[in-house]
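Visitor: Here you go, protein.pdb (PDB, C-alpha atoms, pLDDT in the B column):
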ATOM      1  CA  MET A   1      -8.760 -31.696   6.590  1.00 97.00           C
ATOM      2  CA  LYS A   2      -7.474 -28.621   8.387  1.00 98.00           C
ATOM      3  CA  ALA A   3      -5.577 -25.932   6.472  1.00 98.00           C
ATOM      4  CA  ILE A   4      -3.762 -23.026   8.084  1.00 98.00           C
ATOM      5  CA  ILE A   5      -3.048 -20.015   5.896  1.00 98.00           C
ATOM      6  CA  TRP A   6      -0.672 -17.239   6.936  1.00 98.00           C
ATOM      7  CA  HIS A   7      -2.634 -14.479   5.310  1.00 97.00           C
ATOM      8  CA  ASN A   8      -2.438 -10.805   4.466  1.00 96.00           C
ATOM      9  CA  PRO A   9      -5.871  -9.557   3.342  1.00 96.00           C
ATOM     10  CA  ALA A  10      -4.220  -6.735   1.372  1.00 95.00           C
ATOM     11  CA  CYS A  11      -2.494  -9.261  -0.917  1.00 94.00           C
ATOM     12  CA  GLY A  12      -4.356 -10.498  -3.998  1.00 96.00           C
ATOM     13  CA  THR A  13      -2.457 -13.801  -4.152  1.00 96.00           C
ATOM     14  CA  SER A  14      -3.220 -14.420  -0.487  1.00 97.00           C
ATOM     15  CA  ARG A  15      -6.919 -13.623  -1.016  1.00 98.00           C
ATOM     16  CA  ASN A  16      -7.058 -15.926  -4.050  1.00 98.00           C
ATOM     17  CA  THR A  17      -5.370 -18.745  -2.127  1.00 98.00           C
ATOM     18  CA  LEU A  18      -7.828 -18.307   0.730  1.00 98.00           C
ATOM     19  CA  ALA A  19     -10.714 -18.465  -1.752  1.00 98.00           C
ATOM     20  CA  ILE A  20      -9.414 -21.795  -3.106  1.00 98.00           C
ATOM     21  CA  LEU A  21      -9.255 -23.158   0.429  1.00 98.00           C
ATOM     22  CA  GLU A  22     -12.735 -21.924   1.309  1.00 98.00           C
ATOM     23  CA  GLU A  23     -14.211 -23.373  -1.893  1.00 98.00           C
ATOM     24  CA  THR A  24     -12.661 -26.811  -1.387  1.00 98.00           C
ATOM     25  CA  PRO A  25     -15.126 -29.256   0.199  1.00 97.00           C
ATOM     26  CA  GLY A  26     -13.991 -30.820   3.463  1.00 97.00           C
ATOM     27  CA  VAL A  27     -11.354 -28.201   4.242  1.00 98.00           C
ATOM     28  CA  GLU A  28     -11.534 -26.434   7.591  1.00 98.00           C
ATOM     29  CA  VAL A  29      -9.598 -23.175   7.217  1.00 98.00           C
ATOM     30  CA  GLU A  30      -7.732 -21.405   9.985  1.00 98.00           C
ATOM     31  CA  VAL A  31      -6.642 -17.908   8.982  1.00 98.00           C
ATOM     32  CA  VAL A  32      -3.643 -16.375  10.712  1.00 98.00           C
ATOM     33  CA  GLN A  33      -3.245 -12.711   9.845  1.00 97.00           C
ATOM     34  CA  TYR A  34       0.483 -12.710  10.449  1.00 97.00           C
ATOM     35  CA  LEU A  35       0.768  -8.918  10.531  1.00 95.00           C
ATOM     36  CA  LYS A  36      -1.503  -8.990  13.617  1.00 96.00           C
ATOM     37  CA  THR A  37      -0.250 -12.320  15.016  1.00 96.00           C
ATOM     38  CA  PRO A  38       3.422 -12.412  14.030  1.00 95.00           C
ATOM     39  CA  TYR A  39       5.437 -15.532  13.371  1.00 97.00           C
ATOM     40  CA  THR A  40       7.849 -17.013  15.879  1.00 98.00           C
ATOM     41  CA  ALA A  41      11.352 -17.902  14.732  1.00 98.00           C
ATOM     42  CA  ASP A  42      10.618 -21.590  15.317  1.00 98.00           C
ATOM     43  CA  LYS A  43       7.454 -21.448  13.204  1.00 98.00           C
ATOM     44  CA  LEU A  44       9.268 -19.730  10.351  1.00 98.00           C
ATOM     45  CA  ARG A  45      12.059 -22.322  10.431  1.00 98.00           C
ATOM     46  CA  GLN A  46       9.479 -25.119  10.363  1.00 98.00           C
ATOM     47  CA  LEU A  47       7.494 -23.567   7.499  1.00 98.00           C
ATOM     48  CA  PHE A  48      10.617 -22.968   5.414  1.00 98.00           C
ATOM     49  CA  ARG A  49      11.981 -26.453   6.108  1.00 98.00           C
ATOM     50  CA  ASP A  50       8.668 -28.134   5.290  1.00 98.00           C
ATOM     51  CA  ALA A  51       8.231 -26.023   2.135  1.00 98.00           C
ATOM     52  CA  GLY A  52      11.772 -26.897   1.030  1.00 97.00           C
ATOM     53  CA  MET A  53      12.993 -23.328   0.917  1.00 97.00           C
ATOM     54  CA  SER A  54      15.248 -20.898   2.742  1.00 97.00           C
ATOM     55  CA  ALA A  55      14.360 -17.695   4.540  1.00 98.00           C
ATOM     56  CA  ARG A  56      16.056 -15.818   1.697  1.00 97.00           C
ATOM     57  CA  ASP A  57      13.667 -17.507  -0.767  1.00 97.00           C
ATOM     58  CA  ALA A  58      10.717 -16.134   1.235  1.00 97.00           C
ATOM     59  CA  LEU A  59      12.158 -12.668   1.816  1.00 98.00           C
ATOM     60  CA  ARG A  60       9.789 -10.022   0.513  1.00 96.00           C
ATOM     61  CA  LEU A  61      11.645  -7.220  -1.223  1.00 96.00           C
ATOM     62  CA  ARG A  62       8.764  -5.401  -2.897  1.00 93.00           C
ATOM     63  CA  GLY A  63       7.298  -2.753  -0.629  1.00 93.00           C
ATOM     64  CA  THR A  64       9.889  -3.263   2.120  1.00 96.00           C
ATOM     65  CA  ASP A  65      13.311  -1.916   3.032  1.00 97.00           C
ATOM     66  CA  ALA A  66      14.794  -5.427   3.226  1.00 97.00           C
ATOM     67  CA  GLU A  67      17.299  -4.764   0.457  1.00 96.00           C
ATOM     68  CA  GLU A  68      18.409  -1.452   1.961  1.00 97.00           C
ATOM     69  CA  ARG A  69      18.901  -3.180   5.312  1.00 96.00           C
ATOM     70  CA  GLY A  70      21.224  -5.694   3.684  1.00 97.00           C
ATOM     71  CA  LEU A  71      18.939  -8.661   4.288  1.00 97.00           C
ATOM     72  CA  THR A  72      19.526 -10.060   0.784  1.00 96.00           C
ATOM     73  CA  ASP A  73      23.136 -10.761   1.840  1.00 96.00           C
ATOM     74  CA  ALA A  74      22.377 -11.748   5.448  1.00 98.00           C
ATOM     75  CA  ASP A  75      22.562 -15.255   6.850  1.00 97.00           C
ATOM     76  CA  GLU A  76      19.500 -17.375   7.598  1.00 97.00           C
ATOM     77  CA  ASP A  77      19.374 -16.481  11.310  1.00 98.00           C
ATOM     78  CA  ALA A  78      19.574 -12.736  10.629  1.00 98.00           C
ATOM     79  CA  ILE A  79      16.824 -12.922   8.012  1.00 98.00           C
ATOM     80  CA  ILE A  80      14.560 -14.904  10.334  1.00 98.00           C
ATOM     81  CA  ALA A  81      15.239 -12.476  13.205  1.00 98.00           C
ATOM     82  CA  ALA A  82      14.257  -9.576  10.922  1.00 98.00           C
ATOM     83  CA  MET A  83      11.108 -11.447   9.839  1.00 98.00           C
ATOM     84  CA  VAL A  84      10.087 -11.995  13.456  1.00 98.00           C
ATOM     85  CA  GLU A  85      10.648  -8.303  14.188  1.00 97.00           C
ATOM     86  CA  ASN A  86       8.828  -7.195  11.028  1.00 96.00           C
ATOM     87  CA  PRO A  87       6.542  -9.893   9.546  1.00 97.00           C
ATOM     88  CA  ALA A  88       6.065  -7.792   6.382  1.00 96.00           C
ATOM     89  CA  TYR A  89       9.468  -9.194   5.318  1.00 97.00           C
ATOM     90  CA  VAL A  90       7.831 -12.602   4.804  1.00 97.00           C
ATOM     91  CA  ASP A  91       6.379 -13.062   1.346  1.00 95.00           C
ATOM     92  CA  ARG A  92       2.999 -14.765   1.269  1.00 94.00           C
ATOM     93  CA  PRO A  93       0.992 -16.803   1.506  1.00 97.00           C
ATOM     94  CA  PHE A  94       2.115 -19.977   3.232  1.00 98.00           C
ATOM     95  CA  VAL A  95      -0.399 -22.792   3.729  1.00 98.00           C
ATOM     96  CA  GLU A  96       0.029 -25.832   5.956  1.00 98.00           C
ATOM     97  CA  THR A  97      -2.052 -29.022   5.910  1.00 98.00           C
ATOM     98  CA  GLU A  98      -1.437 -32.589   7.020  1.00 98.00           C
ATOM     99  CA  LYS A  99       0.042 -33.136   3.538  1.00 98.00           C
ATOM    100  CA  GLY A 100       2.715 -30.464   3.921  1.00 98.00           C
ATOM    101  CA  VAL A 101       3.507 -26.796   3.529  1.00 98.00           C
ATOM    102  CA  ARG A 102       3.472 -24.720   0.367  1.00 98.00           C
ATOM    103  CA  TYR A 103       4.540 -21.215  -0.425  1.00 97.00           C
ATOM    104  CA  CYS A 104       1.536 -20.475  -2.630  1.00 97.00           C
ATOM    105  CA  ARG A 105       2.931 -18.302  -5.393  1.00 95.00           C
ATOM    106  CA  PRO A 106       1.136 -18.868  -7.665  1.00 96.00           C
ATOM    107  CA  GLN A 107      -2.004 -19.548  -5.641  1.00 96.00           C
ATOM    108  CA  ASP A 108      -2.746 -22.838  -7.438  1.00 96.00           C
ATOM    109  CA  ARG A 109       0.222 -24.436  -5.623  1.00 97.00           C
ATOM    110  CA  VAL A 110      -2.125 -24.835  -2.660  1.00 98.00           C
ATOM    111  CA  ARG A 111      -3.882 -27.653  -4.514  1.00 98.00           C
ATOM    112  CA  GLU A 112      -0.726 -29.790  -4.108  1.00 98.00           C
ATOM    113  CA  ILE A 113      -1.474 -30.188  -0.395  1.00 98.00           C
ATOM    114  CA  LEU A 114      -5.254 -30.537  -0.469  1.00 97.00           C
TER     115      LEU A 114
END
Would you encode the structure as structure tokens?
Guide:
Amino acid sequence: MKAIIWHNPACGTSRNTLAILEETPGVEVEVVQYLKTPYTADKLRQLFRDAGMSARDALRLRGTDAEERGLTDADEDAIIAAMVENPAYVDRPFVETEKGVRYCRPQDRVREIL
């Protein structure tokens, strides 16, 4: 099984999720460091749809100026546009496998799609 993780190595939850993936037999892990290889709007829409959440649900407030920029009250398209421009606005990690997509907070949620 292939698993893609949108990863930030500075994030403990992201590192812990990656460790679960790497320790799971039969899982081939692809790591996308989204701060270096940013999301596209289409990819974000697909991840949010498949995870059953909105862009607002995935909006990272801690350590960003998202609230000051009014993103907490913005519509879905505006939030996604801001996330494409500044991928730090996306909370993490997201993992995608053939079984679906999970926003892995807490990290054990990744087991649902393995």
Visitor: Could you expand the PyMOL selection byres ((chain A and resi 97) around 12) into the explicit residues it covers here, written as a PyMOL selection string?
Guide: chain A and resi 1-6+21+27-30+47+50-51+94-96+98-102+110-114
Visitor: Identify all residues satisfying the PyMOL selection byres ((chain A and resi 66) around 12) in the given file; provide them as JSON, numbers by chain.
Guide: {"A": [56, 58, 59, 60, 61, 62, 63, 64, 65, 67, 68, 69, 70, 71, 72, 73, 74, 78, 79, 80, 82, 83, 86, 87, 88, 89, 90, 91]}
Visitor: So that I can check the surroundings of Tyr39 in chain A, please list as a ChimeraX atom specification every protein, DNA and RNA residue that reaches within 9 Å of it, counting only C-alpha atoms and ignoring chain neighbours fewer than 4 positions away.
Guide: /A:34-35,43-44,83-85,87
Visitor: For a test of reading the model, state the distance in Å between CA of Gln33 in chain A and CA of Arg15 in chain A, rounded to one decimal.
Guide: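 Computing it gives 11.5 Å between the two atoms.
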Visitor: Would you list the contacts of Arg92 in chain A as a ChimeraX atom specification, taking every protein, DNA or RNA residue within 9 Å and counting all atoms listed in the file, but skipping same-chain residues closer than 5 positions in sequence?
Guide: /A:6-8,11,13-14,58,60,103-105
Visitor: Find the residue from A:Ala10, A:Val32, A:Thr17, A:Met53 that sits nearest to Arg109 in chain A; use only C-alpha atoms when measuring.
Guide: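 Comparing A:Ala10, A:Val32, A:Thr17, A:Met53 against Arg109 in chain A, the winner is A:Thr17.
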Visitor: Counting all atoms listed in the file, figure out which residue out of A:Ser54, A:Pro93, A:Arg49, A:Gln107 gets nearest to Asn16 in chain A.
Guide: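 Checking each of A:Ser54, A:Pro93, A:Arg49, A:Gln107 against Asn16 in chain A, counting all atoms listed in the file, the winner is A:Gln107.
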Visitor: Which value, in Å to one decimal, gives the distance between CA of Asp75 in chain A and CA of Ala55 in chain A?
Guide: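 Interatomic distance, CA of Asp75 in chain A to CA of Ala55 in chain A: 8.9 Å.
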Visitor: Separation of CA of Thr37 in chain A and CA of Pro25 in chain A, in Å?
Guide: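 Between CA of Thr37 in chain A and CA of Pro25 in chain A the gap works out to 27.0 Å.
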